[in-house]
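Trainee: Next up, run-v8.txt (compact mmCIF, C-alpha atoms).
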# COMPACT_ATOMS: atom_id res chain seq x y z
CA MET A 1 -31.20 39.12 -40.23
CA ALA A 2 -34.86 38.47 -39.75
CA CYS A 3 -37.67 36.65 -41.49
CA ASN A 4 -41.21 37.84 -42.12
CA SER A 5 -42.48 36.44 -38.82
CA CYS A 6 -40.04 38.70 -36.94
CA SER A 7 -41.10 41.89 -38.73
CA THR A 8 -42.99 44.78 -37.18
CA GLY A 9 -46.72 44.39 -36.59
CA LYS A 10 -49.54 46.87 -37.18
CA ASP A 11 -49.19 48.42 -33.73
CA GLY A 12 -45.47 49.06 -34.22
CA GLN A 13 -44.40 46.21 -31.94
CA PRO A 14 -42.21 43.33 -33.19
CA LYS A 15 -44.17 40.21 -34.00
CA GLY A 16 -41.66 37.53 -33.02
CA CYS A 17 -42.00 33.90 -34.05
CA LYS A 18 -42.00 32.79 -30.36
CA ASN A 19 -39.80 29.80 -31.14
CA ASN A 20 -37.41 30.69 -28.27
CA GLY A 21 -34.26 30.90 -30.36
CA THR A 22 -35.18 28.14 -32.83
CA CYS A 23 -36.30 29.98 -35.95
CA GLY A 24 -38.84 27.98 -37.94
CA THR A 25 -37.51 29.18 -41.30
CA ASP A 26 -33.84 29.38 -40.22
CA SER A 27 -33.62 32.97 -41.46
CA CYS A 28 -32.63 34.58 -38.16
CA ASN A 29 -29.74 32.24 -37.35
CA LYS A 30 -26.15 33.33 -37.72
CA LEU A 31 -23.95 31.87 -40.45
CA THR A 32 -27.04 30.92 -42.45
CA VAL A 33 -26.40 30.05 -46.12
CA PHE A 34 -28.99 31.00 -48.73
CA ASP A 35 -29.89 28.03 -50.92
CA TRP A 36 -29.72 29.61 -54.37
CA LEU A 37 -30.00 26.17 -56.04
CA ALA A 38 -33.32 25.29 -54.39
CA ASN A 39 -35.45 26.08 -57.47
CA MET A 40 -33.24 24.18 -59.93
CA SER A 41 -34.33 20.70 -60.99
CA LEU A 42 -31.87 17.83 -61.29
CA PRO A 43 -31.06 16.26 -64.68
CA ASN A 44 -32.85 13.06 -65.57
CA GLY A 45 -31.42 9.98 -63.92
CA GLN A 46 -29.46 11.86 -61.23
CA ASP A 47 -30.21 11.07 -57.61
CA PRO A 48 -30.39 13.94 -55.08
CA PHE A 49 -27.36 14.47 -52.90
CA ILE A 50 -27.63 12.62 -49.59
CA GLY A 51 -25.55 15.13 -47.64
CA VAL A 52 -27.37 17.42 -45.19
CA GLU A 53 -26.04 20.34 -43.17
CA VAL A 54 -27.21 20.40 -39.54
CA ARG A 55 -26.68 23.27 -37.11
CA PHE A 56 -26.32 22.95 -33.35
CA LYS A 57 -25.87 25.49 -30.57
CA ASN A 58 -24.10 28.78 -31.36
CA GLY A 59 -23.52 28.14 -35.04
CA ARG A 60 -21.76 24.78 -34.72
CA LYS A 61 -22.42 22.92 -37.98
CA HIS A 62 -21.75 19.39 -39.18
CA TYR A 63 -22.59 17.36 -42.28
CA TYR A 64 -24.56 14.13 -42.16
CA LYS A 65 -25.81 11.46 -44.55
CA ASN A 66 -29.51 11.08 -45.20
CA THR A 67 -29.31 7.32 -45.63
CA GLU A 68 -33.00 6.80 -44.74
CA ASN A 69 -34.14 9.04 -47.64
CA LEU A 70 -36.10 11.28 -45.29
CA THR A 71 -37.97 14.24 -46.75
CA LEU A 72 -36.09 17.06 -45.07
CA SER A 73 -36.41 20.80 -45.45
CA ILE A 74 -34.72 23.76 -43.83
CA GLY A 75 -35.85 24.18 -40.22
CA ASP A 76 -36.61 20.52 -39.50
CA ILE A 77 -35.35 19.21 -36.16
CA VAL A 78 -33.62 15.85 -36.58
CA ALA A 79 -31.94 13.24 -34.41
CA THR A 80 -28.41 12.61 -35.63
CA GLN A 81 -25.81 9.98 -34.88
CA ALA A 82 -23.16 10.78 -32.25
CA LYS A 83 -20.12 8.93 -30.95
CA SER A 84 -22.29 7.76 -28.10
CA GLY A 85 -26.05 8.19 -28.10
CA HIS A 86 -27.69 10.71 -30.40
CA ASP A 87 -27.76 14.47 -30.81
CA ILE A 88 -30.52 16.91 -31.76
CA GLY A 89 -29.98 19.61 -34.35
CA MET A 90 -31.71 21.69 -36.98
CA VAL A 91 -31.41 21.26 -40.75
CA THR A 92 -29.92 24.40 -42.32
CA LEU A 93 -29.17 23.25 -45.86
CA THR A 94 -30.17 20.44 -48.22
CA GLY A 95 -29.66 19.55 -51.85
CA GLU A 96 -26.82 20.26 -54.24
CA LEU A 97 -25.54 23.30 -52.37
CA VAL A 98 -24.44 20.97 -49.56
CA ARG A 99 -22.11 19.29 -52.07
CA VAL A 100 -20.59 22.69 -52.87
CA GLN A 101 -20.18 23.56 -49.19
CA MET A 102 -18.57 20.22 -48.38
CA LYS A 103 -16.16 20.60 -51.28
CA ARG A 104 -15.22 24.11 -50.13
CA LYS A 105 -14.58 22.90 -46.57
CA LYS A 106 -12.79 19.76 -47.84
CA VAL A 107 -15.19 17.29 -46.24
CA ASN A 108 -15.56 13.90 -47.95
CA ILE A 109 -19.04 12.37 -47.93
CA ASP A 110 -17.50 8.86 -47.76
CA ASP A 111 -15.55 9.65 -44.56
CA ALA A 112 -17.43 7.43 -42.08
CA GLU A 113 -15.63 8.88 -39.03
CA ASN A 114 -16.47 12.52 -39.64
CA VAL A 115 -19.68 12.28 -41.69
CA LEU A 116 -22.26 10.39 -39.62
CA LYS A 117 -25.88 9.72 -40.51
CA ILE A 118 -29.32 11.05 -39.61
CA TYR A 119 -31.54 8.67 -37.67
CA ARG A 120 -34.97 10.26 -37.95
CA LYS A 121 -36.97 13.41 -37.51
CA ALA A 122 -37.05 14.34 -33.85
CA SER A 123 -40.13 13.28 -31.95
CA GLN A 124 -41.82 15.34 -29.26
CA LYS A 125 -40.07 13.29 -26.58
CA ASP A 126 -36.68 14.03 -28.15
CA ILE A 127 -37.47 17.75 -28.26
CA ASP A 128 -38.60 17.79 -24.61
CA ILE A 129 -35.37 16.14 -23.44
CA TRP A 130 -33.35 18.51 -25.63
CA SER A 131 -35.14 21.59 -24.23
CA ALA A 132 -34.74 20.38 -20.63
CA SER A 133 -31.01 19.88 -21.20
CA ARG A 134 -30.64 23.36 -22.71
CA ASP A 135 -32.31 24.89 -19.64
CA LYS A 136 -29.63 23.37 -17.38
CA GLU A 137 -26.71 24.98 -19.19
CA GLU A 138 -26.76 28.48 -17.68
CA PRO A 139 -26.91 27.46 -13.98
CA MET A 140 -24.28 24.81 -14.70
CA LYS A 141 -21.97 27.44 -16.19
CA VAL A 142 -22.15 29.53 -13.01
CA LYS A 143 -21.26 26.55 -10.81
CA ALA A 144 -18.53 25.36 -13.18
CA ARG A 145 -16.80 28.74 -13.11
CA GLN A 146 -16.90 28.77 -9.32
CA PHE A 147 -15.34 25.28 -9.18
CA ALA A 148 -12.53 26.40 -11.49
CA ILE A 149 -11.87 29.43 -9.26
CA ASP A 150 -11.80 27.26 -6.13
CA LEU A 151 -9.16 25.01 -7.72
CA ASN A 152 -7.07 28.06 -8.75
CA LEU A 153 -7.12 27.13 -12.43
CA LYS A 154 -6.17 29.84 -14.91
CA MET A 155 -8.97 29.16 -17.35
CA LYS A 156 -12.31 30.67 -18.34
CA ILE A 157 -15.33 28.47 -19.00
CA SER A 158 -17.16 30.38 -21.71
CA ASP A 159 -19.97 28.04 -22.72
CA ILE A 160 -21.58 24.66 -22.02
CA GLU A 161 -23.38 22.55 -24.61
CA TYR A 162 -25.46 19.49 -23.75
CA GLN A 163 -25.83 16.66 -26.19
CA GLY A 164 -29.37 16.23 -27.51
CA ASP A 165 -30.11 13.14 -25.43
CA GLY A 166 -28.67 14.74 -22.27
CA SER A 167 -25.99 12.06 -21.83
CA LYS A 168 -22.96 14.33 -22.25
CA ALA A 169 -22.01 17.94 -21.57
CA THR A 170 -19.21 19.71 -23.46
CA PHE A 171 -17.43 22.51 -21.59
CA TYR A 172 -15.77 25.11 -23.83
CA TYR A 173 -12.95 27.05 -22.17
CA THR A 174 -10.15 29.44 -23.02
CA ALA A 175 -6.73 29.55 -21.41
CA GLU A 176 -3.42 31.19 -22.23
CA GLU A 177 -1.37 28.31 -20.80
CA ARG A 178 -1.76 24.58 -20.46
CA VAL A 179 -4.26 23.65 -17.74
CA ASP A 180 -4.38 20.43 -15.71
CA PHE A 181 -8.13 19.97 -15.25
CA ARG A 182 -8.19 16.32 -14.18
CA GLU A 183 -9.36 17.22 -10.69
CA LEU A 184 -11.90 19.62 -12.19
CA ILE A 185 -13.46 16.85 -14.31
CA LYS A 186 -13.90 14.72 -11.20
CA VAL A 187 -15.70 17.58 -9.47
CA PHE A 188 -17.92 18.15 -12.51
CA ALA A 189 -18.83 14.47 -12.83
CA ARG A 190 -19.66 14.24 -9.12
CA GLU A 191 -21.74 17.40 -9.15
CA PHE A 192 -23.55 17.23 -12.52
CA ARG A 193 -23.96 13.43 -12.84
CA THR A 194 -23.17 13.25 -16.56
CA ARG A 195 -20.28 12.55 -18.89
CA ILE A 196 -17.91 15.50 -19.20
CA GLU A 197 -15.90 16.61 -22.22
CA MET A 198 -13.51 19.58 -22.09
CA LYS A 199 -12.77 21.43 -25.32
CA GLN A 200 -10.37 24.35 -25.55
CA VAL A 201 -11.17 27.11 -28.05
CA GLY A 202 -9.34 30.26 -29.07
CA PHE A 203 -10.34 33.75 -28.03
CA ARG A 204 -11.78 34.49 -31.46
CA GLN A 205 -13.78 31.27 -31.44
CA GLU A 206 -15.10 32.23 -28.02
CA ALA A 207 -16.29 35.62 -29.31
CA ALA A 208 -17.91 33.89 -32.29
CA ARG A 209 -19.83 31.50 -30.02
CA LEU A 210 -21.00 34.13 -27.55
CA GLY A 211 -21.66 36.95 -30.04
CA GLY A 212 -21.93 40.63 -29.23
CA ILE A 213 -21.92 44.17 -30.63
CA GLY A 214 -18.74 45.63 -32.05
CA SER A 215 -17.45 49.18 -31.81
CA CYS A 216 -19.07 49.88 -35.20
CA GLY A 217 -22.51 49.26 -33.70
CA ARG A 218 -23.17 46.07 -35.68
CA GLU A 219 -23.11 42.43 -34.65
CA LEU A 220 -19.70 40.77 -34.59
CA CYS A 221 -18.60 39.54 -38.01
CA CYS A 222 -17.34 36.26 -36.56
CA SER A 223 -20.78 35.48 -35.11
CA THR A 224 -22.81 36.42 -38.21
CA TRP A 225 -21.04 35.63 -41.48
CA LEU A 226 -17.28 35.20 -41.00
CA VAL A 227 -16.40 31.50 -41.14
CA ASP A 228 -12.60 31.54 -41.32
CA PHE A 229 -10.17 33.50 -39.18
CA ARG A 230 -7.23 34.96 -41.07
CA SER A 231 -4.17 36.24 -39.29
CA VAL A 232 -4.18 39.99 -38.64
CA SER A 233 -0.94 41.88 -38.00
CA THR A 234 -0.14 45.43 -36.96
CA SER A 235 1.27 46.10 -40.44
CA ALA A 236 -2.34 46.23 -41.68
CA ALA A 237 -2.92 49.21 -39.39
CA ARG A 238 0.33 50.86 -40.48
CA TYR A 239 -0.55 50.61 -44.16
CA GLN A 240 -3.92 52.26 -43.43
CA GLN A 241 -2.22 54.96 -41.33
CA LEU A 242 -4.21 54.09 -38.22
CA SER A 243 -3.16 54.95 -34.70
CA LEU A 244 -1.41 51.99 -33.09
CA ASN A 245 -3.63 52.15 -30.03
CA PRO A 246 -4.35 48.64 -28.66
CA LEU A 247 -7.66 49.78 -27.18
CA LYS A 248 -8.96 50.86 -30.60
CA LEU A 249 -7.43 48.11 -32.72
CA ALA A 250 -8.47 45.19 -30.49
CA GLY A 251 -11.89 43.58 -30.68
CA GLN A 252 -13.95 41.96 -27.96
CA CYS A 253 -11.78 38.85 -28.20
CA GLY A 254 -8.71 40.87 -27.21
CA LYS A 255 -7.05 40.24 -30.59
CA LEU A 256 -6.68 42.59 -33.54
CA LYS A 257 -9.97 43.26 -35.31
CA CYS A 258 -10.69 41.08 -38.33
CA CYS A 259 -12.02 44.12 -40.20
CA LEU A 260 -8.48 45.50 -40.49
CA ASN A 261 -8.01 43.12 -43.42
CA TYR A 262 -11.15 44.17 -45.28
CA GLU A 263 -9.78 47.30 -46.98
CA LEU A 264 -6.09 46.37 -46.82
CA ASP A 265 -5.90 45.31 -50.48
CA ALA A 266 -7.35 48.65 -51.62
CA TYR A 267 -4.75 50.53 -49.56
CA LEU A 268 -1.92 48.41 -50.93
CA ASP A 269 -3.04 49.10 -54.50
CA ALA A 270 -3.20 52.83 -53.78
CA LEU A 271 0.26 52.84 -52.16
CA LYS A 272 1.85 51.45 -55.33
CA ALA A 273 1.71 54.96 -56.82
CA PHE A 274 3.48 56.46 -53.78
CA PRO A 275 7.27 56.49 -53.50
CA LYS A 276 8.79 55.07 -50.36
CA LYS A 277 8.87 57.41 -47.38
CA ASP A 278 12.59 56.99 -46.80
CA ILE A 279 13.46 58.34 -50.28
CA LYS A 280 14.82 61.88 -50.16
CA LEU A 281 14.30 64.57 -52.79
CA TYR A 282 17.46 66.43 -53.80
CA THR A 283 17.02 70.04 -54.89
CA GLU A 284 19.34 72.99 -55.32
CA LYS A 285 17.74 74.57 -52.28
CA GLY A 286 18.36 71.52 -50.11
CA THR A 287 17.42 67.94 -49.37
CA ALA A 288 13.73 67.29 -48.62
CA VAL A 289 12.38 64.49 -46.44
CA CYS A 290 8.84 63.09 -46.46
CA GLN A 291 6.81 64.01 -43.38
CA LYS A 292 3.27 62.88 -44.16
CA THR A 293 1.17 61.24 -46.88
CA ASP A 294 -2.53 61.38 -47.76
CA ILE A 295 -3.56 58.19 -49.53
CA PHE A 296 -7.05 59.38 -50.48
CA LYS A 297 -5.96 62.68 -52.08
CA GLY A 298 -2.61 61.44 -53.40
CA LEU A 299 -0.60 64.16 -51.67
CA MET A 300 2.74 64.14 -49.89
CA TRP A 301 4.24 66.62 -47.43
CA PHE A 302 8.00 67.32 -47.62
CA ALA A 303 10.25 69.50 -45.50
CA TYR A 304 13.83 70.65 -46.08
CA GLU A 305 16.49 69.42 -43.69
CA GLY A 306 16.93 72.14 -41.11
CA GLU A 307 13.58 73.75 -41.94
CA TRP A 308 11.31 71.17 -40.35
CA MET A 309 8.53 73.65 -39.60
CA ASN A 310 7.90 74.53 -43.28
CA TRP A 311 6.11 71.75 -45.15
CA HIS A 312 5.57 71.74 -48.89
CA ILE A 313 2.73 69.81 -50.48
CA ILE A 314 3.24 68.01 -53.78
CA THR A 315 1.39 65.26 -55.60
CA THR A 316 2.67 61.72 -56.06
CA ASP A 317 3.22 62.31 -59.78
CA GLN A 318 5.38 65.35 -59.03
CA ALA A 319 7.35 63.40 -56.42
CA ASN A 320 7.99 60.58 -58.89
CA LYS A 321 9.18 63.08 -61.51
CA ILE A 322 11.66 64.59 -59.06
CA ILE A 323 12.90 61.11 -58.07
CA ALA A 324 13.34 60.21 -61.73
CA LYS A 325 15.47 63.32 -62.27
CA ASN A 326 17.51 62.56 -59.14
CA LYS A 327 18.29 59.11 -60.52
CA LYS A 328 19.77 60.83 -63.56
CA LYS A 329 21.83 62.92 -61.15
CA GLU A 330 19.77 66.01 -61.93
CA LYS A 331 18.42 68.41 -59.34
CA VAL A 332 15.36 70.60 -59.50
CA ALA A 333 15.50 74.19 -58.37
CA SER A 334 13.17 73.84 -55.35
CA LEU A 335 9.97 72.20 -54.16
CA GLU A 336 8.14 75.51 -54.37
CA GLU A 337 7.97 75.09 -58.14
CA TYR A 338 6.03 71.86 -57.74
CA ALA A 339 4.10 72.74 -54.59
CA ALA A 340 0.40 72.18 -54.95
CA GLU A 341 -2.16 74.53 -53.51
CA HIS A 342 -3.93 72.70 -50.75
CA ILE A 343 -6.83 74.87 -49.64
CA GLN A 344 -8.99 73.43 -46.93
CA ASP A 345 -12.60 74.45 -47.26
CA THR A 346 -13.76 74.76 -43.67
CA LYS A 347 -16.87 76.82 -44.39
CA ASN A 348 -20.09 74.97 -43.72
CA ASP A 349 -23.34 76.24 -45.15
CA PHE A 350 -26.45 75.17 -43.24
CA GLU A 351 -29.99 75.61 -44.47
CA ASN A 352 -32.97 75.95 -42.17
CA VAL A 353 -35.22 73.54 -44.07
CA VAL A 354 -37.64 72.76 -41.24
CA GLY A 355 -38.26 76.26 -39.99
CA GLN A 356 -36.25 75.87 -36.80
CA ASP A 357 -34.55 78.69 -34.96
CA SER A 358 -30.92 79.52 -35.49
CA LEU A 359 -28.47 77.08 -33.92
CA THR A 360 -26.43 80.00 -32.59
CA ARG A 361 -29.30 81.83 -30.92
CA PHE A 362 -27.87 81.08 -27.47
CA ASP A 363 -24.43 82.36 -28.48
CA ASN A 364 -25.59 85.91 -29.26
CA PRO A 365 -24.67 88.41 -26.50
CA LYS A 366 -27.42 90.21 -24.68
CA SER A 367 -28.13 93.72 -25.86
CA LYS A 368 -27.05 96.69 -23.72
CA ASN A 369 -30.56 98.15 -23.67
CA LYS A 370 -31.91 95.11 -21.88
CA ARG A 371 -29.17 95.37 -19.30
CA LYS A 372 -29.95 99.07 -18.71
CA ASN A 373 -33.65 98.39 -18.36
CA ASN A 374 -33.02 95.60 -15.89
CA ARG A 375 -30.70 97.81 -13.87
CA ASN A 376 -33.23 100.67 -13.81
CA ASN A 377 -35.99 98.31 -12.70
CA ARG A 378 -33.84 97.02 -9.86
CA ASN A 379 -33.07 100.58 -8.73
CA LYS A 380 -36.76 101.54 -8.82
CA ASN A 381 -37.73 98.54 -6.72
CA ARG A 382 -34.99 99.32 -4.24
CA ASN A 383 -36.10 102.94 -3.85
CA ARG A 384 -39.74 101.91 -3.49
CA ASN A 385 -38.82 99.50 -0.68
CA ARG A 386 -36.84 102.21 1.09
CA ASN A 387 -39.75 104.67 0.92
CA GLN A 388 -42.16 102.07 2.27
CA ASN A 389 -39.84 101.31 5.18
CA LYS A 390 -39.50 105.04 6.00
CA SER A 391 -43.27 105.56 6.02
CA ARG A 392 -43.73 102.58 8.33
CA ASN A 393 -41.11 103.90 10.75
CA GLN A 394 -42.72 107.33 10.83
CA LYS A 395 -46.17 105.88 11.59
CA SER A 396 -44.79 103.76 14.40
CA ASN A 397 -43.01 106.84 15.91
CA HIS A 398 -46.25 108.88 15.82
CA LYS A 399 -48.14 106.16 17.66
CA GLN A 400 -45.48 105.90 20.38
CA ASN A 401 -45.51 109.70 20.93
CA ALA A 402 -49.30 109.76 21.16
CA LYS A 403 -49.29 107.08 23.89
CA LYS A 404 -46.73 108.99 25.99
CA ASN A 405 -48.74 112.23 25.82
Could you write out this structure as structure tokens?

Mentor:
Amino acid sequence: MACNSCSTGKDGQPKGCKNNGTCGTDSCNKLTVFDWLANMSLPNGQDPFIGVEVRFKNGRKHYYKNTENLTLSIGDIVATQAKSGHDIGMVTLTGELVRVQMKRKKVNIDDAENVLKIYRKASQKDIDIWSASRDKEEPMKVKARQFAIDLNLKMKISDIEYQGDGSKATFYYTAEERVDFRELIKVFAREFRTRIEMKQVGFRQEAARLGGIGSCGRELCCSTWLVDFRSVSTSAARYQQLSLNPLKLAGQCGKLKCCLNYELDAYLDALKAFPKKDIKLYTEKGTAVCQKTDIFKGLMWFAYEGEWMNWHIITTDQANKIIAKNKKKEKVASLEEYAAEHIQDTKNDFENVVGQDSLTRFDNPKSKNKRKNNRNNRNKNRNRNRNQNKSRNQKSNHKQNAKKN
């Protein structure tokens, strides 16, 4: 997710729009909707839709009325109506596509309580106050967490969002149980000198607000494009034959990964051709029980009762034929007649396309000739050192004898 201004420059370094997190074209922001109706003209006599989508911190979006008929485009910073004072946000969508989005999210444009209006385009003074308020949020979050720890409250303050005019601060927190934070609000109001609002969010909403990198190496789906959270159960992992390991199935939010539902429908369609695992196959040789299935290859492994070490591989079509005969109270001779040959090709052929050395060059044992040569060289050096030492000793003995005489 990046626009042209964020692409790589001539020297290989990223350009960067230098807007400090406020993309001018709104192409780098998460949960951005592409306006595919922008180039379409309205029929004669139809007024443009007055609804506008405005984004705030961490993907929070609301819909507003453009009652002043302002000329707005994506990326404009506007001052919007709030319950008290005004807020500052960025326009992310205009035109007829806003009508489609509001209909999908079941938001009525005539609902005066939920759909407020846009005052004006933000002035430089509004932007300065908004930027100064955003700079206070991180140090405030550190102090707020310390205050919650001092009061022994079982809660985690995950994020703080200032209103655009700096008159109110919203504290987002997560907690597993109900928390009495009345004393905490008093401490916040005394310390931060502003109106305080506490808002509890779920663990998935917290991960969506904060963002991060998943185990797949990509950005979290909930912070980039996923707008609704569907329930995920462990049965989704069972249908896909995944290991029921909580460390692998849980995401950064501590809940089951949302991506477990992505391919679930494909697995359910494939499993329709498979008989149930608890169905037994009756043959003249014995009763066979299912031990394992391979959804991708359409194979099933069966073993006779009492011979659990010997598995026989058959296809789903063959298993269904045997079950159909068993329903007619007929038995097949044995599973060996239907067993499919399952040969695993484990041979890997590698080609040296870049002229590199063999990958196994370090695995080859050293030749015996090299070992003999090294041993002979060591023996020669040892003998040479011995001879040198003997000659030195003899010379020293001759000198001593000459002095005595």

Trainee: Rounded to one decimal, what separation in Å do you get between CA of Val115 (chain A) and CA of Gln81 (chain A)?

Mentor: 9.4 Å

Trainee: Please compute the CA of Glu305 (chain A)-CA of Gly286 (chain A) distance, one decimal, in Å.

Mentor: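 Atom-to-atom, CA of Glu305 (chain A) to CA of Gly286 (chain A), that is 7.0 Å.
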
Trainee: Fewer than 5 positions away in the same chain doesn't count, so skip those; otherwise give me all residues within 10 Å of Asn320 (chain A), counting all atoms listed in the file, as a PyMOL selection string.

Mentor: chain A and resi 273-275+281+315+325-326

Trainee: Keeping only C-alpha atoms, take the residues you just selected and write them out as a short mmCIF file (atom, residue, chain, number, x, y, z; two decimals), in the coordinates of the input.

Mentor:
data_model
loop_
_atom_site.label_atom_id
_atom_site.label_comp_id
_atom_site.auth_asym_id
_atom_site.auth_seq_id
_atom_site.Cartn_x
_atom_site.Cartn_y
_atom_site.Cartn_z
CA ALA A 273 1.71 54.96 -56.82
CA PHE A 274 3.48 56.46 -53.78
CA PRO A 275 7.27 56.49 -53.50
CA LEU A 281 14.30 64.57 -52.79
CA THR A 315 1.39 65.26 -55.60
CA LYS A 325 15.47 63.32 -62.27
CA ASN A 326 17.51 62.56 -59.14
#

Trainee: Just the number, please: distance in Å from CA of Val179 (chain A) to CA of Gln163 (chain A), one decimal.

Mentor: 24.2 Å

Trainee: For Ala82 (chain A), which residue out of A:Arg145, A:Gly95, A:Gly164, A:Glu138 is the nearest one, using all atoms listed in the file?

Mentor: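 Going through A:Arg145, A:Gly95, A:Gly164, A:Glu138 one by one, the smallest distance to Ala82 (chain A) is for A:Gly164.
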
Trainee: Determine, counting only C-alpha atoms, which protein, DNA and RNA residues have an atom within 12 Å of an atom of Gly212 (chain A); residues of the same chain fewer than 3 positions away are not included. Present the result as a ChimeraX atom specification.

Mentor: /A:30,206-209,215-224,251-253

Trainee: I want to know what sits within 12 Å of region 190-201 of chain A, based on only C-alpha atoms, with residues of the same chain fewer than 5 positions away left out; could you give that as a ChimeraX atom specification?

Mentor: /A:84-85,133,136-137,139-141,143-144,147,155-163,165-185,206-209,253

Trainee: With C-alpha atoms retained, write the just-selected residues as a PDB file, in the frame of the given file.

Mentor:
ATOM      1  CA  SER A  84     -22.290   7.760 -28.100  1.00  0.00           C
ATOM      2  CA  GLY A  85     -26.050   8.190 -28.100  1.00  0.00           C
ATOM      3  CA  SER A 133     -31.010  19.880 -21.200  1.00  0.00           C
ATOM      4  CA  LYS A 136     -29.630  23.370 -17.380  1.00  0.00           C
ATOM      5  CA  GLU A 137     -26.710  24.980 -19.190  1.00  0.00           C
ATOM      6  CA  PRO A 139     -26.910  27.460 -13.980  1.00  0.00           C
ATOM      7  CA  MET A 140     -24.280  24.810 -14.700  1.00  0.00           C
ATOM      8  CA  LYS A 141     -21.970  27.440 -16.190  1.00  0.00           C
ATOM      9  CA  LYS A 143     -21.260  26.550 -10.810  1.00  0.00           C
ATOM     10  CA  ALA A 144     -18.530  25.360 -13.180  1.00  0.00           C
ATOM     11  CA  PHE A 147     -15.340  25.280  -9.180  1.00  0.00           C
ATOM     12  CA  MET A 155      -8.970  29.160 -17.350  1.00  0.00           C
ATOM     13  CA  LYS A 156     -12.310  30.670 -18.340  1.00  0.00           C
ATOM     14  CA  ILE A 157     -15.330  28.470 -19.000  1.00  0.00           C
ATOM     15  CA  SER A 158     -17.160  30.380 -21.710  1.00  0.00           C
ATOM     16  CA  ASP A 159     -19.970  28.040 -22.720  1.00  0.00           C
ATOM     17  CA  ILE A 160     -21.580  24.660 -22.020  1.00  0.00           C
ATOM     18  CA  GLU A 161     -23.380  22.550 -24.610  1.00  0.00           C
ATOM     19  CA  TYR A 162     -25.460  19.490 -23.750  1.00  0.00           C
ATOM     20  CA  GLN A 163     -25.830  16.660 -26.190  1.00  0.00           C
ATOM     21  CA  ASP A 165     -30.110  13.140 -25.430  1.00  0.00           C
ATOM     22  CA  GLY A 166     -28.670  14.740 -22.270  1.00  0.00           C
ATOM     23  CA  SER A 167     -25.990  12.060 -21.830  1.00  0.00           C
ATOM     24  CA  LYS A 168     -22.960  14.330 -22.250  1.00  0.00           C
ATOM     25  CA  ALA A 169     -22.010  17.940 -21.570  1.00  0.00           C
ATOM     26  CA  THR A 170     -19.210  19.710 -23.460  1.00  0.00           C
ATOM     27  CA  PHE A 171     -17.430  22.510 -21.590  1.00  0.00           C
ATOM     28  CA  TYR A 172     -15.770  25.110 -23.830  1.00  0.00           C
ATOM     29  CA  TYR A 173     -12.950  27.050 -22.170  1.00  0.00           C
ATOM     30  CA  THR A 174     -10.150  29.440 -23.020  1.00  0.00           C
ATOM     31  CA  ALA A 175      -6.730  29.550 -21.410  1.00  0.00           C
ATOM     32  CA  GLU A 176      -3.420  31.190 -22.230  1.00  0.00           C
ATOM     33  CA  GLU A 177      -1.370  28.310 -20.800  1.00  0.00           C
ATOM     34  CA  ARG A 178      -1.760  24.580 -20.460  1.00  0.00           C
ATOM     35  CA  VAL A 179      -4.260  23.650 -17.740  1.00  0.00           C
ATOM     36  CA  ASP A 180      -4.380  20.430 -15.710  1.00  0.00           C
ATOM     37  CA  PHE A 181      -8.130  19.970 -15.250  1.00  0.00           C
ATOM     38  CA  ARG A 182      -8.190  16.320 -14.180  1.00  0.00           C
ATOM     39  CA  GLU A 183      -9.360  17.220 -10.690  1.00  0.00           C
ATOM     40  CA  LEU A 184     -11.900  19.620 -12.190  1.00  0.00           C
ATOM     41  CA  ILE A 185     -13.460  16.850 -14.310  1.00  0.00           C
ATOM     42  CA  GLU A 206     -15.100  32.230 -28.020  1.00  0.00           C
ATOM     43  CA  ALA A 207     -16.290  35.620 -29.310  1.00  0.00           C
ATOM     44  CA  ALA A 208     -17.910  33.890 -32.290  1.00  0.00           C
ATOM     45  CA  ARG A 209     -19.830  31.500 -30.020  1.00  0.00           C
ATOM     46  CA  CYS A 253     -11.780  38.850 -28.200  1.00  0.00           C
TER      47      CYS A 253
END

Trainee: Determine, counting all atoms listed in the file, which protein, DNA and RNA residues have an atom within 7 Å of an atom of Arg55 (chain A); residues of the same chain fewer than 3 positions away are not included. Present the result as a ChimeraX atom specification.

Mentor: /A:59-62,89-92
